[in-house]
Amino acid sequence: MPAEDPSAHHGFPGRLLVFEGLDGSGKSTQARLLGKWLQARGYRVFFTEWNSSELVAGVIRRGKKKGLLTPTTFSLLHATDFADRFDRQILPPLRAGYLVVCDRYAYTAFVRDAARGCDPAWVRTIYAFAPRPDRVFYFRVPVAVTLRRKLASRLKISYYEAGMDLGLSDSVTESYERFQGRLMREYDRLARSDKFTVVDATRPVEAVQSEVRRHLAPLLERFPTGERLIHDG
Amino acid sequence: MTDRTYGTRLPGMPAEPLPGKLIVIEGADGSGRTTEVALLKSWLEVEGHSVVDTGLRRSDLVSGEIDRAKKGHTLGATTMALLYAADFADQLENKIVPALSAGSTVLADRYIYTLMARAIARGASRAWARELYGFALRPDRVLFLDARPEILLHRAIAKYGTLDYWESGMDLSLSRDLFESFFRYQDLLSREFEWMQRDYDFARVDANRAPEQVHADVQRLIAPLYGAAEGANAPRPRRPRASFRRARSRAASA
């Protein structure tokens, strides 16, 4: 159940590392690369992604198909999904002393729900069960860059990614730019209020990754590897 | 805008006032809610009002998932509370608000209060539950059918031949004994209904009595909503059509 003070440190032996950013910002690639590196260095790593729980994935798919979802139900279903995933995938490894790497966290909900018109204070409250991470990396790129990457990879822009449900524009590309622009403004706001580590993600993958590793060095210095955990008993 | 809800803006709500009335009937399982909803609906329809009834866990969106989750009871308390809230929001936006916009009376067989009480009994803080449901519309009237646990017990046994697993709060591990768990769970819920009675302005109806007596009280509490001047004393307003027109014209000019 929700913690009394969500801003307090979670107090578990593990560490919570969060990767946030727009679609096409490269955050998933960066999270994966970081996971590999941490594992190779002997840390116990647990990796988790947004929207992968079986429970409401079906509801969300069905609701999207039928166009039944409103900003409020959209928000609550994602919160349900995240609460379930938090209980099953994030909390146990965090308590067991893992480095938990999250490709998106509650902040993704904060920006999306705010962009859809939900009351930001309300959204914060419903996510009160999610403790503050030890580190949030925000991979910042202009919307135009994400669109270029998207078009280059010939990935189709999805209906909700483009925020088409908001009726911003009939053109998918234009709606995408406007909706993603809103998300970016929300991310920028959160970056200040929640002290994100902002990473310029317009640079090559390697440069971004080495910056992430550099930022984590102090945190890792104090954190035991798997082997040491066992020996220290 | 937010004065129509309990404090949180509901995106996509129509800006104009909702001419319909929202009447909520709350009460434990066995308090006679279902019977009273049927009586009230029929009375209001005879009076000339269009009535849409709604209850918990009837939305198309997630009711299947709720049933499945209950069967396996594998979901955490927060997850379950949020899933119920999503289900409620779906009904509010897709059923209750459109019906109210069309001028119908919406008769809700339970509302956010039961959901809040259940979530709090399972460990949510009152503040969290309150905020979670901040987007809910404020009803025009909340009737709380209040019955003693012994009465609830006998009605439950008469109805099901046994006690229901969920209505006995067996998932809370209060006791392995169904009978004992039933009393402890109903006690937890009634503690929540107590503060909600005050904070959410419930009209308490003594539900330890026969359905006709309960219904007479309910009519007395509901009649004034439709502008029946004699409603305070007479359970059956004599000029229903006129009062109906008055209510409609007032709502239209509001």
# chains A, B, ... in the order shown; residues from 1 in each chain; ligands from 1
call {"tool": "closest_atom_pairs", "arguments": {"of": "chain A", "to": "chain B", "cutoff": "7 Å", "atoms": "only C-alpha atoms", "output": "Markdown table"}}
result
| residue | atom | partner | partner_atom | distance |
| --- | --- | --- | --- | --- |
| A:Met1 | CA | B:Thr78 | CA | 5.5 |
| A:Pro2 | CA | B:Ala124 | CA | 6.7 |
| A:Val59 | CA | B:Val62 | CA | 6.3 |
| A:Gly63 | CA | B:Leu61 | CA | 6.6 |
| A:Pro71 | CA | B:Pro11 | CA | 6.6 |
| A:Thr72 | CA | B:Ala89 | CA | 6.8 |
| A:Thr73 | CA | B:Ala86 | CA | 5.2 |
| A:Leu76 | CA | B:Ala86 | CA | 5.1 |
| A:Leu77 | CA | B:Ala86 | CA | 5.9 |
| A:Ala79 | CA | B:Leu82 | CA | 6.8 |
| A:Thr80 | CA | B:Thr79 | CA | 5.0 |
| A:Ala83 | CA | B:Thr79 | CA | 5.2 |
| A:Asp84 | CA | B:Thr79 | CA | 5.5 |
| A:Gly117 | CA | B:Pro11 | CA | 5.8 |
| A:Cys118 | CA | B:Pro11 | CA | 6.1 |
| A:Asp119 | CA | B:Arg9 | CA | 6.2 |
| A:Trp122 | CA | B:Glu131 | CA | 6.8 |
| A:Thr125 | CA | B:Trp128 | CA | 6.8 |
| A:Ile126 | CA | B:Leu132 | CA | 5.9 |
call {"tool": "select_by_dssp", "arguments": {"residues": "stretch 6-233 of chain A", "states": "alpha helix (DSSP H)", "output": "ChimeraX atom specification"}}
result
/A:27-40,54-66,71-85,91-95,106-115,120-126,143-152,172-193,205-221,226-232
call {"tool": "select_by_dssp", "arguments": {"residues": "stretch 97-164 of chain A", "states": "strand (DSSP E)", "output": "PyMOL selection string"}}
result
chain A and resi 99-103+135-140
call {"tool": "residues_around", "arguments": {"residues": "B:Thr5", "least_positions_apart": "5", "cutoff": "6 Å", "atoms": "only C-alpha atoms", "output": "list in words"}}
result
Phe135, Ala136, Leu137 and Arg138 of chain B
call {"tool": "write_last_selection", "arguments": {"atoms": "N, CA and C atoms", "output": "short mmCIF file (atom, residue, chain, number, x, y, z; two decimals), in the first residue's frame"}}
result
data_model
loop_
_atom_site.label_atom_id
_atom_site.label_comp_id
_atom_site.auth_asym_id
_atom_site.auth_seq_id
_atom_site.Cartn_x
_atom_site.Cartn_y
_atom_site.Cartn_z
N PHE B 135 -12.09 12.31 -8.54
CA PHE B 135 -12.71 12.65 -9.83
C PHE B 135 -14.19 12.28 -9.88
N ALA B 136 -14.69 11.61 -8.84
CA ALA B 136 -16.09 11.15 -8.86
C ALA B 136 -17.05 12.33 -8.75
N LEU B 137 -18.17 12.24 -9.45
CA LEU B 137 -19.20 13.27 -9.35
C LEU B 137 -19.81 13.24 -7.96
N ARG B 138 -20.12 14.42 -7.42
CA ARG B 138 -20.85 14.49 -6.16
C ARG B 138 -22.30 14.13 -6.43
#
call {"tool": "atom_distance", "arguments": {"atom1": "atom CA of B:Ser50", "atom2": "atom CA of B:Leu100"}}
result
10.2 Å
call {"tool": "residues_around", "arguments": {"residues": "A:Pro133", "least_positions_apart": "2", "cutoff": "8 Å", "atoms": "only C-alpha atoms", "output": "count of residues only"}}
result
9
call {"tool": "residues_around", "arguments": {"residues": "A:Val172", "least_positions_apart": "3", "cutoff": "12 Å", "atoms": "only C-alpha atoms", "output": "list in words"}}
result
Leu147, Lys156, Ile157, Ser158, Tyr159, Tyr160, Glu161, Ala162, Gly163, Met164, Asp165, Leu166, Gly167, Leu168, Ser169, Ser175, Tyr176, Glu177, Arg178, Phe179 and Gln180 of chain A
call {"tool": "write_last_selection", "arguments": {"atoms": "C-alpha atoms", "output": "PDB file, in the first residue's frame"}}
result
ATOM      1  CA  LEU A 147      10.492  11.732 -35.575  1.00  0.00           C
ATOM      2  CA  LYS A 156       4.787   3.025 -37.817  1.00  0.00           C
ATOM      3  CA  ILE A 157       3.698   5.773 -35.445  1.00  0.00           C
ATOM      4  CA  SER A 158       1.031   4.316 -33.203  1.00  0.00           C
ATOM      5  CA  TYR A 159      -2.310   5.999 -32.562  1.00  0.00           C
ATOM      6  CA  TYR A 160      -1.615   6.695 -28.886  1.00  0.00           C
ATOM      7  CA  GLU A 161       2.024   7.612 -29.427  1.00  0.00           C
ATOM      8  CA  ALA A 162       0.746  10.330 -31.732  1.00  0.00           C
ATOM      9  CA  GLY A 163      -1.860  11.330 -29.138  1.00  0.00           C
ATOM     10  CA  MET A 164      -4.513  10.924 -31.847  1.00  0.00           C
ATOM     11  CA  ASP A 165      -7.116  10.354 -29.116  1.00  0.00           C
ATOM     12  CA  LEU A 166      -6.741  14.035 -28.189  1.00  0.00           C
ATOM     13  CA  GLY A 167      -7.862  15.284 -31.582  1.00  0.00           C
ATOM     14  CA  LEU A 168      -4.924  17.686 -31.898  1.00  0.00           C
ATOM     15  CA  SER A 169      -4.714  17.207 -35.636  1.00  0.00           C
ATOM     16  CA  SER A 175      -0.418  15.219 -34.024  1.00  0.00           C
ATOM     17  CA  TYR A 176       2.713  13.269 -33.088  1.00  0.00           C
ATOM     18  CA  GLU A 177       4.825  16.410 -33.065  1.00  0.00           C
ATOM     19  CA  ARG A 178       2.361  18.355 -30.962  1.00  0.00           C
ATOM     20  CA  PHE A 179       1.697  15.540 -28.497  1.00  0.00           C
ATOM     21  CA  GLN A 180       5.361  14.622 -28.121  1.00  0.00           C
TER      22      GLN A 180
END
call {"tool": "atom_distance", "arguments": {"atom1": "atom CA of B:Val51", "atom2": "atom CA of B:Thr105"}}
result
4.7 Å
call {"tool": "closest_residue", "arguments": {"among": "B:Ile157, B:Leu92, B:Leu40, B:Leu22", "to": "B:His215", "atoms": "only C-alpha atoms"}}
result
B:Leu40
call {"tool": "residues_around", "arguments": {"residues": "B:Asp187", "least_positions_apart": "5", "cutoff": "10 Å", "atoms": "only C-alpha atoms", "output": "ChimeraX atom specification"}}
result
/B:121,148-149,181-182,192-193
call {"tool": "write_last_selection", "arguments": {"atoms": "N, CA and C atoms", "output": "short mmCIF file (atom, residue, chain, number, x, y, z; two decimals), in the first residue's frame"}}
result
data_model
loop_
_atom_site.label_atom_id
_atom_site.label_comp_id
_atom_site.auth_asym_id
_atom_site.auth_seq_id
_atom_site.Cartn_x
_atom_site.Cartn_y
_atom_site.Cartn_z
N ALA B 121 -9.93 -1.03 4.20
CA ALA B 121 -9.90 -2.24 5.02
C ALA B 121 -8.72 -3.12 4.62
N ARG B 148 -27.69 -3.66 11.36
CA ARG B 148 -26.79 -4.28 12.34
C ARG B 148 -26.16 -5.54 11.74
N PRO B 149 -24.93 -5.86 12.16
CA PRO B 149 -24.24 -7.05 11.63
C PRO B 149 -25.07 -8.33 11.77
N SER B 181 -14.67 -14.11 10.63
CA SER B 181 -14.12 -13.17 9.66
C SER B 181 -15.21 -12.21 9.16
N PHE B 182 -16.41 -12.74 8.95
CA PHE B 182 -17.53 -11.93 8.51
C PHE B 182 -17.76 -10.76 9.46
N GLU B 192 -15.32 2.62 8.51
CA GLU B 192 -15.06 3.56 7.41
C GLU B 192 -16.33 4.31 7.02
N PHE B 193 -17.45 3.57 7.01
CA PHE B 193 -18.71 4.23 6.65
C PHE B 193 -19.08 5.29 7.67
#
call {"tool": "residues_around", "arguments": {"residues": "A:Gly14", "least_positions_apart": "6", "cutoff": "8 Å", "atoms": "only C-alpha atoms", "output": "PyMOL selection string"}}
result
chain A and resi 93-100
call {"tool": "write_last_selection", "arguments": {"atoms": "C-alpha atoms", "output": "compact mmCIF listing (two decimals), in the first residue's frame"}}
result
# COMPACT_ATOMS: atom_id res chain seq x y z
CA PRO A 93 14.55 -7.63 -6.48
CA LEU A 94 14.81 -4.24 -4.76
CA ARG A 95 14.35 -5.93 -1.41
CA ALA A 96 16.73 -8.71 -2.39
CA GLY A 97 19.50 -6.17 -3.05
CA TYR A 98 19.49 -5.97 -6.85
CA LEU A 99 20.25 -3.05 -9.10
CA VAL A 100 16.83 -2.65 -10.65
call {"tool": "atom_distance", "arguments": {"atom1": "atom CA of B:Val37", "atom2": "atom CA of B:Val142"}}
result
12.5 Å
call {"tool": "closest_residue", "arguments": {"among": "B:Ile222, B:Ala15, B:Ala28, B:Leu115", "to": "B:Asn208", "atoms": "only C-alpha atoms"}}
result
B:Ala28
